[in-house]
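These notes concern the structure reproduced below.
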Amino acid sequence: MQQVSGATLLAAKTRMTALGQTFRAASLAIEQRNAEHDRHRQAALRENMRPAEFLALFPNPPGSVEFAPEDAEIAAKQAQIASFTGTNTWVRDRLQRDIDMLNVQKGLKTSAYNRQLAKPERPLTAAEFATLYPAPTHTTDQTTITSGQTEANKLNSFIYSGPYPSPGLYDVDLLAGTSVSYP
């Protein structure tokens with residue numbers, strides 16, 4: 001406990017006021033970013049996605065991975081045709097028609113991809129939106145608030161540490177780590 005002048009007390013109160021304004025500004029910035037992200041999310045879930053968003057989610061057209069079931073079925077039917085030795089061509093023709101239909105299905109998947117790429121016909125899902133537009137981070141503002149609260153708590157403790165038991169005596173050790181200095 002040491003004798004403290006009115007200038008030091010005024011500096012502590014002024015600094016606490018400034019920290020309060022900093023808290024409000026940082027909190028407002030966090031709220032604004034969250035509100036903007038929420039508005040963007042609601043619009044994206046309501047409106048059809050843009051071609052750039054579709055391309056970001058689905059950069060490659062359907063290929064061998066997406067066509068694996070059809071390709072396996074085509075290979076099985078071609079093996080049946082190759083092993084067929086009878087004179088009745090009806091079975092062979094039926095298998096060939098099945099192969100042709102599977103190839104048509106593959107073509108339909110590719111054309112659907114190209115159509116969606118040109119003009120997507122559905123809105124983003126919540127998971128797709130989260131992938132493309134992650135929630136904003138507030139690390140800087142939260143760090144500012146946290147460090148400011150620590151300083152404000154120290155200043156508040158300093159102010160309430162006196163003037164008792166003797167007038168003008170305060171615990172100046174509580175000013176350590178704050179921007180208010182004690183001579």
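By convention in this document, the chains of the structure tokens carry letters A, B, ... by their order, each chain's residues are numbered from 1, and ligands are numbered from 1 in the order they are shown.
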Could you build a table of the residues in range 91-154 of chain A lying no more than 12 Å from range 168-183 of chain A, giving for each the nearest pair of atoms and their separation in Å rounded to one decimal place, using only C-alpha atoms, ordered by chain and ascending residue number, as a tab-separated table?
residue	atom	partner	partner_atom	distance
A:Ser147	CA	A:Thr178	CA	9.9
A:Gly148	CA	A:Thr178	CA	9.3
A:Gln149	CA	A:Thr178	CA	10.8
A:Thr150	CA	A:Thr178	CA	8.8
A:Glu151	CA	A:Thr178	CA	5.6
A:Ala152	CA	A:Thr178	CA	8.3
A:Asn153	CA	A:Leu174	CA	9.4
A:Lys154	CA	A:Leu174	CA	5.7
Write out as a list in words the residues lying within 7 Å of range 28-38 of chain A, counting only C-alpha atoms and excluding same-chain residues fewer than 2 positions away.
Arg24, Ala25, Ala26, His40, Arg41, Gln42, Ala135, Pro136 and His138 of chain A
Take the residues from that selection and write them out as a short mmCIF file (atom, residue, chain, number, x, y, z; two decimals), in the first residue's frame, keeping C-alpha atoms.
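Here's the written file result-v8.cif:
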data_model
loop_
_atom_site.label_atom_id
_atom_site.label_comp_id
_atom_site.auth_asym_id
_atom_site.auth_seq_id
_atom_site.Cartn_x
_atom_site.Cartn_y
_atom_site.Cartn_z
CA ARG A 24 -17.96 -2.65 -27.16
CA ALA A 25 -16.21 -2.15 -30.51
CA ALA A 26 -14.80 -5.67 -30.54
CA HIS A 40 -25.18 -15.20 -46.42
CA ARG A 41 -26.00 -18.71 -45.18
CA GLN A 42 -29.75 -18.11 -45.27
CA ALA A 135 -17.90 -19.60 -39.90
CA PRO A 136 -15.89 -16.47 -39.18
CA HIS A 138 -12.91 -13.85 -34.04
#
Could you name the residues that touch Gln116 in chain A at 9 Å or less, counting only C-alpha atoms, but leaving out those on the same chain fewer than 6 positions away, as a PyMOL selection string?
chain A and resi 51+54+122
Residues from last step as file, C-alpha atoms, as a short mmCIF file (atom, residue, chain, number, x, y, z; two decimals), in the first residue's frame:
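Everything below was put into out.cif:
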data_model
loop_
_atom_site.label_atom_id
_atom_site.label_comp_id
_atom_site.auth_asym_id
_atom_site.auth_seq_id
_atom_site.Cartn_x
_atom_site.Cartn_y
_atom_site.Cartn_z
CA PRO A 51 -21.77 -22.08 -61.04
CA PHE A 54 -20.92 -25.90 -57.90
CA ARG A 122 -30.62 -26.42 -56.43
#
Arg46 in chain A: which residues within 12 Å, counting only C-alpha atoms, same-chain residues fewer than 6 positions away excluded, as a VMD selection string?
chain A and resid 39 to 40 121 to 126 129
For C-alpha atoms, I'd like the residues from the last selection saved as a PDB file, in the first residue's frame.
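And here is the file that came out, selection18.pdb:
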ATOM      1  CA  ARG A  39     -27.481 -13.675 -43.804  1.00  0.00           C
ATOM      2  CA  HIS A  40     -25.183 -15.195 -46.417  1.00  0.00           C
ATOM      3  CA  GLU A 121     -30.713 -26.051 -60.198  1.00  0.00           C
ATOM      4  CA  ARG A 122     -30.620 -26.419 -56.429  1.00  0.00           C
ATOM      5  CA  PRO A 123     -29.532 -24.456 -53.371  1.00  0.00           C
ATOM      6  CA  LEU A 124     -26.540 -25.344 -51.261  1.00  0.00           C
ATOM      7  CA  THR A 125     -27.084 -27.733 -48.397  1.00  0.00           C
ATOM      8  CA  ALA A 126     -25.984 -26.690 -44.920  1.00  0.00           C
ATOM      9  CA  PHE A 129     -22.282 -24.082 -47.267  1.00  0.00           C
TER      10      PHE A 129
END
If you run DSSP over the backbone, which residues in chain A end up alpha helix (DSSP H)? Put them as a PyMOL selection string.
chain A and resi 6-46+51-57+68-83+89-118+126-132+139-160
So which residues touch Leu57 in chain A within 9 Å, counting only C-alpha atoms, skipping near sequence neighbours fewer than 5 positions away, as a list of chain:residue names?
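Result of the neighbour search: A:Ala52, A:Glu128, A:Thr131, A:Leu132.
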Write out the residues from the selection above, keeping C-alpha atoms, as an mmCIF file, in the first residue's frame.
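The resulting file, again12.cif, is reproduced below:
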data_model
loop_
_atom_site.group_PDB
_atom_site.id
_atom_site.type_symbol
_atom_site.label_atom_id
_atom_site.label_comp_id
_atom_site.auth_asym_id
_atom_site.auth_seq_id
_atom_site.Cartn_x
_atom_site.Cartn_y
_atom_site.Cartn_z
ATOM 1 C CA ALA A 52 -18.549 -21.179 -59.224
ATOM 2 C CA GLU A 128 -21.952 -27.650 -48.531
ATOM 3 C CA THR A 131 -17.502 -26.374 -46.599
ATOM 4 C CA LEU A 132 -17.412 -23.343 -48.891
#
Calculate how many Å separate CA of Ala44 in chain A from CA of Gln142 in chain A, rounding to one decimal.
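CA of Gln142 in chain A lies at a distance of 27.6 Å from CA of Ala44 in chain A.
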I want to know what sits within 9 Å of Lys106 in chain A, based on only C-alpha atoms, with residues of the same chain fewer than 3 positions away left out; could you give that as a PyMOL selection string?
chain A and resi 62+67+70+101-103+109-111
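In this comparison, which uses only C-alpha atoms, the residue of A:Thr8, A:Arg115, A:Ser157, A:Pro120 approaching Glu47 in chain A most closely is A:Pro120.
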